[in-house]
file input18.cif (mmCIF, C-alpha atoms)
data_final
loop_
_atom_site.group_PDB
_atom_site.id
_atom_site.type_symbol
_atom_site.label_atom_id
_atom_site.label_comp_id
_atom_site.auth_asym_id
_atom_site.auth_seq_id
_atom_site.Cartn_x
_atom_site.Cartn_y
_atom_site.Cartn_z
ATOM 1 C CA MET D 19 -80.348 -36.015 29.320
ATOM 2 C CA ASP D 20 -82.158 -38.505 31.543
ATOM 3 C CA ASP D 21 -81.722 -39.362 35.233
ATOM 4 C CA THR D 22 -79.260 -42.154 34.428
ATOM 5 C CA GLU D 23 -76.923 -39.794 32.586
ATOM 6 C CA SER D 24 -77.175 -37.238 35.376
ATOM 7 C CA GLU D 25 -76.284 -39.824 37.985
ATOM 8 C CA CYS D 26 -73.317 -40.963 35.870
ATOM 9 C CA SER D 27 -71.907 -37.460 36.118
ATOM 10 C CA PHE D 28 -71.393 -38.026 39.840
ATOM 11 C CA HIS D 29 -70.174 -41.613 39.612
ATOM 12 C CA SER D 30 -67.894 -41.899 36.603
ATOM 13 C CA ALA D 31 -64.854 -42.648 38.754
ATOM 14 C CA SER D 32 -64.464 -45.964 40.540
ATOM 15 C CA ASP D 33 -61.119 -47.308 41.730
ATOM 16 C CA ASP D 34 -58.314 -44.776 41.906
ATOM 17 C CA PRO D 35 -56.351 -44.906 38.621
ATOM 18 C CA PRO D 36 -52.556 -45.066 38.988
ATOM 19 C CA GLU D 37 -51.981 -41.421 38.056
ATOM 20 C CA TRP D 38 -54.015 -40.276 41.072
ATOM 21 C CA THR D 39 -51.603 -41.808 43.565
ATOM 22 C CA LEU D 40 -49.162 -38.968 42.866
ATOM 23 C CA LEU D 41 -51.841 -36.344 43.523
ATOM 24 C CA GLN D 42 -53.161 -37.411 46.919
ATOM 25 C CA TYR D 43 -52.812 -34.794 49.639
ATOM 26 C CA PRO D 44 -55.085 -35.591 52.602
ATOM 27 C CA LEU D 45 -56.508 -32.625 54.497
ATOM 28 C CA LEU D 46 -54.604 -31.792 57.663
ATOM 29 C CA PRO D 47 -56.464 -31.884 61.017
ATOM 30 C CA GLN D 48 -56.422 -28.093 61.254
ATOM 31 C CA GLU D 49 -57.873 -27.839 57.737
ATOM 32 C CA LEU D 50 -60.702 -30.194 58.644
ATOM 33 C CA ASN D 51 -61.407 -28.181 61.797
ATOM 34 C CA LEU D 52 -61.511 -24.945 59.796
ATOM 35 C CA LEU D 53 -63.814 -26.537 57.213
ATOM 36 C CA ASN D 54 -66.225 -27.635 59.935
ATOM 37 C CA ARG D 55 -66.262 -24.136 61.434
ATOM 38 C CA GLN D 56 -66.936 -22.590 58.021
ATOM 39 C CA LEU D 57 -69.811 -25.002 57.419
ATOM 40 C CA GLU D 58 -71.412 -23.710 60.612
ATOM 41 C CA GLN D 59 -71.359 -20.144 59.243
ATOM 42 C CA ILE D 60 -72.896 -20.537 55.776
ATOM 43 C CA VAL D 61 -74.773 -17.446 54.601
ATOM 44 C CA TYR D 62 -77.940 -18.456 52.719
ATOM 45 C CA LEU D 63 -79.347 -15.632 50.573
ATOM 46 C CA TYR D 64 -82.827 -15.774 49.065
ATOM 47 C CA GLN D 65 -83.804 -12.106 48.912
ATOM 48 C CA ALA D 66 -82.015 -8.852 48.082
ATOM 49 C CA ASN D 67 -81.888 -7.555 51.648
ATOM 50 C CA ALA D 68 -79.140 -6.057 53.796
ATOM 51 C CA ALA D 69 -77.422 -9.444 54.205
ATOM 52 C CA TYR D 70 -77.374 -9.863 50.422
ATOM 53 C CA HIS D 71 -75.727 -6.489 49.841
ATOM 54 C CA LYS D 72 -73.212 -7.048 52.649
ATOM 55 C CA ALA D 73 -72.301 -10.390 51.067
ATOM 56 C CA LEU D 74 -71.670 -8.733 47.693
ATOM 57 C CA LYS D 75 -69.513 -6.048 49.325
ATOM 58 C CA ASP D 76 -67.445 -8.666 51.147
ATOM 59 C CA ILE D 77 -67.063 -10.808 48.011
ATOM 60 C CA SER D 78 -66.071 -7.881 45.782
ATOM 61 C CA ASN D 79 -63.218 -7.017 48.165
ATOM 62 C CA GLU D 80 -61.640 -10.461 47.753
ATOM 63 C CA LYS D 81 -58.726 -11.166 45.411
ATOM 64 C CA SER D 82 -60.014 -14.659 44.641
ATOM 65 C CA ILE D 83 -63.267 -16.540 45.174
ATOM 66 C CA SER D 84 -64.514 -20.050 44.529
ATOM 67 C CA LEU D 85 -67.607 -20.390 42.336
ATOM 68 C CA ILE D 86 -70.096 -23.268 42.110
ATOM 69 C CA MET D 87 -73.282 -23.250 40.020
ATOM 70 C CA GLU D 88 -76.028 -25.863 40.113
ATOM 71 C CA PRO D 89 -77.086 -27.211 37.802
ATOM 72 C CA SER D 90 -74.305 -26.237 35.390
ATOM 73 C CA PHE D 91 -73.547 -29.618 33.869
ATOM 74 C CA TYR D 92 -75.974 -28.964 30.995
ATOM 75 C CA GLY D 93 -74.778 -25.448 30.208
ATOM 76 C CA ARG D 94 -77.277 -23.395 28.200
ATOM 77 C CA HIS D 95 -79.870 -26.167 28.359
ATOM 78 C CA ARG D 96 -80.723 -25.476 32.030
ATOM 79 C CA ALA D 97 -80.982 -22.182 33.901
ATOM 80 C CA ALA D 98 -79.072 -21.770 37.149
ATOM 81 C CA SER D 99 -80.930 -22.648 40.331
ATOM 82 C CA VAL D 100 -78.318 -21.800 42.919
ATOM 83 C CA LEU D 101 -74.927 -20.073 42.878
ATOM 84 C CA THR D 102 -72.392 -20.594 45.664
ATOM 85 C CA ILE D 103 -69.370 -18.419 46.339
ATOM 86 C CA ALA D 104 -66.716 -19.185 48.932
ATOM 87 C CA THR D 105 -64.123 -16.757 50.250
ATOM 88 C CA ASP D 106 -61.387 -17.481 52.760
ATOM 89 C CA GLN D 107 -63.806 -16.529 55.527
ATOM 90 C CA ARG D 108 -67.152 -18.098 54.617
ATOM 91 C CA ALA D 109 -69.452 -19.539 51.980
ATOM 92 C CA TYR D 110 -72.422 -17.689 50.472
ATOM 93 C CA VAL D 111 -75.261 -19.636 48.875
ATOM 94 C CA PHE D 112 -77.336 -17.458 46.509
ATOM 95 C CA ASP D 113 -80.740 -19.034 45.852
ATOM 96 C CA ILE D 114 -81.226 -17.790 42.291
ATOM 97 C CA LEU D 115 -84.691 -19.338 41.958
ATOM 98 C CA SER D 116 -85.932 -17.469 45.039
ATOM 99 C CA LEU D 117 -84.125 -14.246 44.128
ATOM 100 C CA GLY D 118 -85.681 -14.437 40.659
ATOM 101 C CA ALA D 119 -82.536 -13.531 38.703
ATOM 102 C CA ILE D 120 -78.822 -12.904 38.874
ATOM 103 C CA PHE D 121 -79.056 -9.183 39.539
ATOM 104 C CA PRO D 122 -76.613 -6.658 37.988
ATOM 105 C CA ASP D 123 -74.550 -6.208 41.160
ATOM 106 C CA LEU D 124 -73.820 -9.930 41.370
ATOM 107 C CA ALA D 125 -73.403 -10.154 37.588
ATOM 108 C CA HIS D 126 -70.738 -7.431 37.776
ATOM 109 C CA ILE D 127 -68.626 -9.615 40.076
ATOM 110 C CA LEU D 128 -68.909 -12.508 37.624
ATOM 111 C CA THR D 129 -67.961 -10.438 34.575
ATOM 112 C CA ALA D 130 -65.069 -8.558 36.198
ATOM 113 C CA ASP D 131 -61.510 -9.883 35.968
ATOM 114 C CA SER D 132 -61.210 -9.421 39.730
ATOM 115 C CA PRO D 133 -61.889 -11.150 41.988
ATOM 116 C CA LYS D 134 -60.435 -14.202 40.268
ATOM 117 C CA LYS D 135 -62.856 -17.142 40.140
ATOM 118 C CA VAL D 136 -61.852 -20.713 40.877
ATOM 119 C CA VAL D 137 -64.179 -23.036 38.937
ATOM 120 C CA HIS D 138 -64.382 -26.633 37.746
ATOM 121 C CA TYR D 139 -65.565 -27.388 34.217
ATOM 122 C CA GLY D 140 -65.661 -23.670 33.563
ATOM 123 C CA HIS D 141 -66.660 -24.287 29.941
ATOM 124 C CA ARG D 142 -70.072 -25.512 31.148
ATOM 125 C CA ILE D 143 -70.556 -22.670 33.636
ATOM 126 C CA ALA D 144 -69.530 -19.977 31.139
ATOM 127 C CA ASP D 145 -71.913 -21.395 28.528
ATOM 128 C CA GLN D 146 -74.809 -21.387 30.974
ATOM 129 C CA LEU D 147 -74.170 -17.849 32.191
ATOM 130 C CA TYR D 148 -73.784 -16.498 28.662
ATOM 131 C CA TYR D 149 -76.856 -18.062 27.053
ATOM 132 C CA ARG D 150 -79.220 -18.277 30.029
ATOM 133 C CA HIS D 151 -78.297 -15.145 31.945
ATOM 134 C CA SER D 152 -76.505 -12.902 29.391
ATOM 135 C CA ILE D 153 -73.402 -12.829 31.594
ATOM 136 C CA GLU D 154 -69.856 -13.235 30.283
ATOM 137 C CA LEU D 155 -67.773 -15.005 32.913
ATOM 138 C CA ASN D 156 -64.218 -13.667 33.223
ATOM 139 C CA GLY D 157 -61.166 -14.205 35.395
ATOM 140 C CA THR D 158 -61.462 -17.980 35.795
ATOM 141 C CA THR D 159 -58.921 -20.529 36.968
ATOM 142 C CA ASP D 160 -60.159 -24.052 36.314
ATOM 143 C CA THR D 161 -59.353 -26.893 38.701
ATOM 144 C CA PHE D 162 -60.105 -29.404 35.936
ATOM 145 C CA VAL D 163 -57.366 -27.839 33.813
ATOM 146 C CA ALA D 164 -55.033 -27.993 36.813
ATOM 147 C CA ILE D 165 -55.795 -31.691 37.313
ATOM 148 C CA CYS D 166 -55.218 -32.495 33.647
ATOM 149 C CA LEU D 167 -51.815 -30.813 33.652
ATOM 150 C CA ALA D 168 -50.818 -32.347 36.970
ATOM 151 C CA ARG D 169 -51.633 -35.917 35.924
ATOM 152 C CA GLN D 170 -50.836 -35.402 32.206
ATOM 153 C CA ASP D 171 -54.181 -36.841 31.199
ATOM 154 C CA ASN D 172 -57.613 -35.500 30.256
ATOM 155 C CA LYS D 173 -60.041 -38.090 31.603
ATOM 156 C CA PRO D 174 -63.384 -36.457 32.550
ATOM 157 C CA CYS D 175 -63.601 -35.800 36.265
ATOM 158 C CA THR D 176 -66.283 -33.990 38.241
ATOM 159 C CA LEU D 177 -65.381 -31.661 41.085
ATOM 160 C CA ALA D 178 -66.669 -34.118 43.686
ATOM 161 C CA GLU D 179 -64.566 -36.893 42.153
ATOM 162 C CA ALA D 180 -61.459 -34.698 42.104
ATOM 163 C CA ILE D 181 -61.929 -33.656 45.732
ATOM 164 C CA SER D 182 -62.529 -37.261 46.741
ATOM 165 C CA MET D 183 -59.389 -38.472 44.977
ATOM 166 C CA VAL D 184 -56.953 -35.713 45.918
ATOM 167 C CA PHE D 185 -58.026 -35.357 49.551
ATOM 168 C CA GLU D 186 -58.756 -39.099 49.979
ATOM 169 C CA LEU D 187 -62.311 -38.424 51.139
ATOM 170 C CA PRO D 188 -64.983 -41.077 50.401
ATOM 171 C CA LEU D 189 -67.186 -39.856 47.564
ATOM 172 C CA ASN D 190 -70.370 -41.056 49.247
ATOM 173 C CA GLU D 191 -69.542 -38.894 52.270
ATOM 174 C CA LEU D 192 -69.126 -35.799 50.108
ATOM 175 C CA LEU D 193 -72.419 -36.099 48.226
ATOM 176 C CA CYS D 194 -75.730 -35.150 49.804
ATOM 177 C CA GLU D 195 -78.580 -37.649 49.580
ATOM 178 C CA GLU D 196 -80.466 -35.495 47.053
ATOM 179 C CA LEU D 197 -77.766 -36.153 44.458
ATOM 180 C CA LEU D 198 -78.590 -39.848 44.710
ATOM 181 C CA ASP D 199 -82.344 -39.267 44.555
ATOM 182 C CA ILE D 200 -84.426 -40.628 41.684
ATOM 183 C CA SER D 201 -85.982 -37.177 41.242
ATOM 184 C CA LEU D 202 -84.125 -35.082 38.680
ATOM 185 C CA SER D 203 -85.459 -31.861 40.240
ATOM 186 C CA ARG D 204 -83.795 -32.778 43.529
ATOM 187 C CA GLN D 205 -80.544 -33.730 41.815
ATOM 188 C CA ASN D 206 -80.555 -30.402 39.965
ATOM 189 C CA PHE D 207 -81.331 -28.302 43.050
ATOM 190 C CA ALA D 208 -84.586 -27.153 41.429
ATOM 191 C CA GLY D 209 -86.907 -28.252 44.255
ATOM 192 C CA ARG D 210 -87.639 -25.843 47.076
ATOM 193 C CA PRO D 211 -86.938 -25.495 49.895
ATOM 194 C CA LEU D 212 -83.320 -26.597 49.624
ATOM 195 C CA SER D 213 -82.435 -29.060 52.352
ATOM 196 C CA SER D 214 -79.705 -28.373 54.892
ATOM 197 C CA GLY D 215 -77.787 -31.242 53.277
ATOM 198 C CA GLN D 216 -77.882 -29.536 49.884
ATOM 199 C CA VAL D 217 -76.744 -26.196 51.313
ATOM 200 C CA ILE D 218 -73.886 -27.822 53.243
ATOM 201 C CA TYR D 219 -72.851 -29.822 50.166
ATOM 202 C CA LEU D 220 -72.673 -26.673 48.010
ATOM 203 C CA ALA D 221 -70.667 -24.775 50.604
ATOM 204 C CA LYS D 222 -68.309 -27.710 51.168
ATOM 205 C CA MET D 223 -67.624 -28.087 47.440
ATOM 206 C CA ALA D 224 -66.915 -24.371 47.054
ATOM 207 C CA ILE D 225 -64.549 -24.271 50.029
ATOM 208 C CA LEU D 226 -62.686 -27.426 49.031
ATOM 209 C CA GLN D 227 -62.457 -26.302 45.404
ATOM 210 C CA THR D 228 -60.081 -23.526 46.472
ATOM 211 C CA LYS D 229 -58.009 -25.938 48.534
ATOM 212 C CA LEU D 230 -57.895 -28.290 45.555
ATOM 213 C CA LEU D 231 -56.360 -25.587 43.374
ATOM 214 C CA ASP D 232 -53.871 -24.691 46.110
ATOM 215 C CA ARG D 233 -52.712 -28.307 46.202
ATOM 216 C CA LEU D 234 -52.372 -28.655 42.430
ATOM 217 C CA MET D 235 -51.024 -25.323 41.209
ATOM 218 C CA ASP D 236 -47.377 -24.415 41.728
ATOM 219 C CA ASP D 237 -45.492 -21.402 40.393
ATOM 220 C CA LYS D 238 -44.236 -23.343 37.378
ATOM 221 C CA MET D 239 -47.751 -24.379 36.303
ATOM 222 C CA ALA D 240 -49.612 -21.196 37.229
ATOM 223 C CA HIS D 241 -49.220 -19.327 33.934
ATOM 224 C CA SER D 242 -50.237 -22.329 31.805
ATOM 225 C CA ILE D 243 -53.273 -23.064 33.968
ATOM 226 C CA LEU D 244 -54.474 -19.457 33.767
ATOM 227 C CA GLN D 245 -54.017 -19.225 30.003
ATOM 228 C CA ILE D 246 -55.655 -22.560 29.259
ATOM 229 C CA SER D 247 -58.532 -21.857 31.657
ATOM 230 C CA LYS D 248 -59.358 -18.709 29.695
ATOM 231 C CA VAL D 249 -59.485 -20.603 26.392
ATOM 232 C CA PHE D 250 -61.239 -23.624 27.900
ATOM 233 C CA SER D 251 -64.050 -21.513 29.359
ATOM 234 C CA LYS D 252 -65.118 -20.463 25.845
ATOM 235 C CA GLN D 253 -65.239 -23.903 24.226
ATOM 236 C CA PHE D 254 -69.011 -24.360 24.506
ATOM 237 C CA ARG D 255 -69.905 -20.680 24.588
ATOM 238 C CA ASP D 256 -68.368 -19.941 21.189
ATOM 239 C CA ASN D 257 -70.471 -22.618 19.474
ATOM 240 C CA PRO D 258 -73.900 -21.158 18.600
ATOM 241 C CA ILE D 259 -75.279 -24.523 17.418
ATOM 242 C CA SER D 260 -77.210 -25.830 20.430
ATOM 243 C CA SER D 261 -77.662 -29.341 19.032
ATOM 244 C CA GLU D 262 -73.880 -29.793 18.760
ATOM 245 C CA VAL D 263 -73.386 -28.396 22.240
ATOM 246 C CA ALA D 264 -76.047 -30.745 23.646
ATOM 247 C CA LEU D 265 -74.087 -33.763 22.415
ATOM 248 C CA GLY D 266 -70.910 -32.322 23.884
ATOM 249 C CA MET D 267 -72.581 -31.940 27.277
ATOM 250 C CA ALA D 268 -72.761 -35.712 27.878
ATOM 251 C CA PRO D 269 -71.171 -36.613 31.259
ATOM 252 C CA LEU D 270 -68.121 -38.373 29.806
ATOM 253 C CA SER D 271 -67.704 -36.025 26.844
ATOM 254 C CA ARG D 272 -64.254 -34.579 26.126
ATOM 255 C CA TYR D 273 -65.640 -31.637 24.189
ATOM 256 C CA GLY D 274 -63.124 -28.788 24.213
ATOM 257 C CA PHE D 275 -60.419 -30.831 25.895
ATOM 258 C CA HIS D 276 -58.136 -30.404 22.875
ATOM 259 C CA CYS D 277 -57.047 -27.016 24.184
ATOM 260 C CA ILE D 278 -55.691 -28.773 27.271
ATOM 261 C CA ASP D 279 -54.189 -31.752 25.411
ATOM 262 C CA GLN D 280 -51.754 -29.661 23.418
ATOM 263 C CA GLN D 281 -49.935 -28.682 26.598
ATOM 264 C CA TYR D 282 -48.612 -32.176 27.230
ATOM 265 C CA ASN D 283 -49.081 -34.228 24.036
#

call {"tool": "encode", "arguments": {"input": "input18.cif", "output": "structure tokens"}}
result
Amino acid sequence: MDDTESECSFHSASDDPPEWTLLQYPLLPQELNLLNRQLEQIVYLYQANAAYHKALKDISNEKSISLIMEPSFYGRHRAASVLTIATDQRAYVFDILSLGAIFPDLAHILTADSPKKVVHYGHRIADQLYYRHSIELNGTTDTFVAICLARQDNKPCTLAEAISMVFELPLNELLCEELLDISLSRQNFAGRPLSSGQVIYLAKMAILQTKLLDRLMDDKMAHSILQISKVFSKQFRDNPISSEVALGMAPLSRYGFHCIDQQYN
């Protein structure tokens, strides 16, 4: 995939389609204040030191966490550069390139059913973890699945687009400048050091991803979202033919969406 395709993945939404008007829940002032406080307390982890192990202990004690991986849009075709986890208290940015690997203690959290993991496009993340890092992701709840069921439609939608639409936040204010850069390595978080803008962007997306699910998932939808998320996460991973998967990884691809469609068609 070239730079143009990568950029499209962040800009495939333009004017708000009609179905979004029913899903707009602006953040309350107190939520914005809490977000700003959390963004001042980001924990950036680049070596397996005491802070790293404390972070894993804190995360493992949570019932639910929010998970972001960059780049994950290409699944097995790109290794992870950075992994971000948000809890109710703070966001942790794990610099996988600097750490050198996703170590077993962190991998255990990803493979365990608990804590539950809130993700977006979990089929891409699960594929990447399985083929690039030999990790089977479990316990996911997918905000993309939640959006599809809420609006009864399966149009492709990135996490940034969904957050922008639902919370009525300008997309250009959510993205960091590196995502608009002509350099693919900067877009994919492969360049080092990571900028403060990149770190803040990752933490903000992880924190707001949880809030997004809270807005979209009610008791009536919860069971369906959980069941579909489990099936959806395996759509790429269960296909061993990399060339077929590569085509399905295009930004506007609806690969695997059939398992969501059947819930409302």

call {"tool": "atom_distance", "arguments": {"input": "input18.cif", "atom1": "CA of Leu244 in chain D", "atom2": "CA of Ile77 in chain D"}}
result
20.9 Å

call {"tool": "residues_near_point", "arguments": {"input": "input18.cif", "point": "(-84.6, -35.8, 52.6)", "cutoff": "10 Å", "atoms": "all atoms listed in the file", "output": "list of chain:residue names"}}
result
D:Cys194, D:Glu195, D:Glu196, D:Asp199, D:Arg204, D:Leu212, D:Ser213, D:Ser214, D:Gly215, D:Gln216

call {"tool": "atom_distance", "arguments": {"input": "input18.cif", "atom1": "CA of Leu74 in chain D", "atom2": "CA of Ala180 in chain D"}}
result
28.5 Å

call {"tool": "closest_residue", "arguments": {"input": "input18.cif", "among": "D:Leu117, D:Ala178, D:Leu155, D:Ala98", "to": "Asn206 in chain D", "atoms": "only C-alpha atoms"}}
result
D:Ala98

call {"tool": "residues_around", "arguments": {"input": "input18.cif", "residues": "range 45-54 of chain D", "least_positions_apart": "3", "cutoff": "8 Å", "atoms": "all atoms listed in the file", "output": "VMD selection string"}}
result
chain D and resid 57 to 58 185 222 225

call {"tool": "resolve_selection", "arguments": {"input": "input18.cif", "expression": "the PyMOL selection byres ((chain D and resi 90) around 12)", "output": "PyMOL selection string"}}
result
chain D and resi 24+27+85-89+91-102+137-150+176-177+205-208+267+269

call {"tool": "atom_distance", "arguments": {"input": "input18.cif", "atom1": "CA of Asp113 in chain D", "atom2": "CA of Met223 in chain D"}}
result
16.0 Å

call {"tool": "residues_near_point", "arguments": {"input": "input18.cif", "point": "(-76.6, -15.1, 56.7)", "cutoff": "10 Å", "atoms": "only C-alpha atoms", "output": "list in words"}}
result
Gln59, Ile60, Val61, Tyr62, Leu63, Tyr64, Ala68, Ala69, Tyr70, Lys72, Ala73, Ala109, Tyr110 and Val111 of chain D

call {"tool": "closest_residue", "arguments": {"input": "input18.cif", "among": "D:Ser182, D:Leu197, D:Ile218, D:Arg210", "to": "Arg55 in chain D", "atoms": "only C-alpha atoms"}}
result
D:Ile218

call {"tool": "closest_residue", "arguments": {"input": "input18.cif", "among": "D:Met235, D:Gly209, D:Leu124, D:Lys134", "to": "Phe112 in chain D", "atoms": "all atoms listed in the file"}}
result
D:Leu124

call {"tool": "closest_residue", "arguments": {"input": "input18.cif", "among": "D:Thr159, D:Gln227, D:Asn172, D:Gln42", "to": "Ile278 in chain D", "atoms": "only C-alpha atoms"}}
result
D:Asn172

call {"tool": "resolve_selection", "arguments": {"input": "input18.cif", "expression": "the PyMOL selection byres ((chain D and resi 174) around 6)", "output": "MDAnalysis selection string"}}
result
chainID D and resid 173 175 270

call {"tool": "closest_residue", "arguments": {"input": "input18.cif", "among": "D:Leu189, D:Val136, D:Ala66, D:Ile83", "to": "Asp123 in chain D", "atoms": "all atoms listed in the file"}}
result
D:Ala66

call {"tool": "closest_residue", "arguments": {"input": "input18.cif", "among": "D:Val184, D:Arg169, D:Glu154, D:Lys81", "to": "Ser132 in chain D", "atoms": "all atoms listed in the file"}}
result
D:Lys81

call {"tool": "axis_aligned_box", "arguments": {"input": "input18.cif", "around": "range 262-275 of chain D", "padding_each_side": "5 Å", "output": "lines of an AutoDock Vina configuration file"}}
result
center_x = -68.2
center_y = -33.4
center_z = 25.0
size_x = 25.6
size_y = 20.0
size_z = 22.5

call {"tool": "resolve_selection", "arguments": {"input": "input18.cif", "expression": "the PyMOL selection byres ((chain D and resi 245) around 12)", "output": "number ranges by chain"}}
result
D: 157-160, 163-164, 239-244, 246-252, 277-278, 281

call {"tool": "decode", "arguments": {"input": "input18.cif", "residues": "range 92-129 of chain D", "atoms": "C-alpha atoms", "output": "PDB file, in the first residue's frame"}}
result
ATOM      1  CA  TYR D  92      -2.062  -3.605   7.376  1.00  0.00           C
ATOM      2  CA  GLY D  93      -2.371  -6.564   9.735  1.00  0.00           C
ATOM      3  CA  ARG D  94       0.288  -9.235   9.197  1.00  0.00           C
ATOM      4  CA  HIS D  95       2.043  -7.133   6.564  1.00  0.00           C
ATOM      5  CA  ARG D  96       3.541  -4.731   9.146  1.00  0.00           C
ATOM      6  CA  ALA D  97       4.922  -5.421  12.615  1.00  0.00           C
ATOM      7  CA  ALA D  98       3.653  -3.361  15.531  1.00  0.00           C
ATOM      8  CA  SER D  99       5.624  -0.242  16.388  1.00  0.00           C
ATOM      9  CA  VAL D 100       3.711   0.985  19.401  1.00  0.00           C
ATOM     10  CA  LEU D 101       0.931  -0.409  21.595  1.00  0.00           C
ATOM     11  CA  THR D 102      -1.247   1.859  23.732  1.00  0.00           C
ATOM     12  CA  ILE D 103      -3.457   0.746  26.595  1.00  0.00           C
ATOM     13  CA  ALA D 104      -5.840   3.017  28.469  1.00  0.00           C
ATOM     14  CA  THR D 105      -7.486   2.259  31.798  1.00  0.00           C
ATOM     15  CA  ASP D 106      -9.948   4.434  33.673  1.00  0.00           C
ATOM     16  CA  GLN D 107      -7.009   6.095  35.410  1.00  0.00           C
ATOM     17  CA  ARG D 108      -4.360   6.662  32.737  1.00  0.00           C
ATOM     18  CA  ALA D 109      -2.910   5.759  29.360  1.00  0.00           C
ATOM     19  CA  TYR D 110       0.212   3.633  28.859  1.00  0.00           C
ATOM     20  CA  VAL D 111       2.183   3.886  25.626  1.00  0.00           C
ATOM     21  CA  PHE D 112       4.422   0.831  25.073  1.00  0.00           C
ATOM     22  CA  ASP D 113       7.160   1.599  22.539  1.00  0.00           C
ATOM     23  CA  ILE D 114       7.470  -1.874  21.021  1.00  0.00           C
ATOM     24  CA  LEU D 115      10.317  -0.874  18.695  1.00  0.00           C
ATOM     25  CA  SER D 116      12.420   0.347  21.630  1.00  0.00           C
ATOM     26  CA  LEU D 117      11.433  -2.560  23.878  1.00  0.00           C
ATOM     27  CA  GLY D 118      12.394  -4.958  21.082  1.00  0.00           C
ATOM     28  CA  ALA D 119       9.369  -7.258  21.399  1.00  0.00           C
ATOM     29  CA  ILE D 120       6.016  -7.803  23.036  1.00  0.00           C
ATOM     30  CA  PHE D 121       7.324  -9.687  26.049  1.00  0.00           C
ATOM     31  CA  PRO D 122       5.456 -12.675  27.577  1.00  0.00           C
ATOM     32  CA  ASP D 123       4.041 -10.708  30.518  1.00  0.00           C
ATOM     33  CA  LEU D 124       2.378  -8.194  28.204  1.00  0.00           C
ATOM     34  CA  ALA D 125       1.406 -10.951  25.759  1.00  0.00           C
ATOM     35  CA  HIS D 126      -0.384 -12.763  28.599  1.00  0.00           C
ATOM     36  CA  ILE D 127      -2.669  -9.757  29.116  1.00  0.00           C
ATOM     37  CA  LEU D 128      -3.505  -9.728  25.406  1.00  0.00           C
ATOM     38  CA  THR D 129      -4.272 -13.450  25.221  1.00  0.00           C
TER      39      THR D 129
END
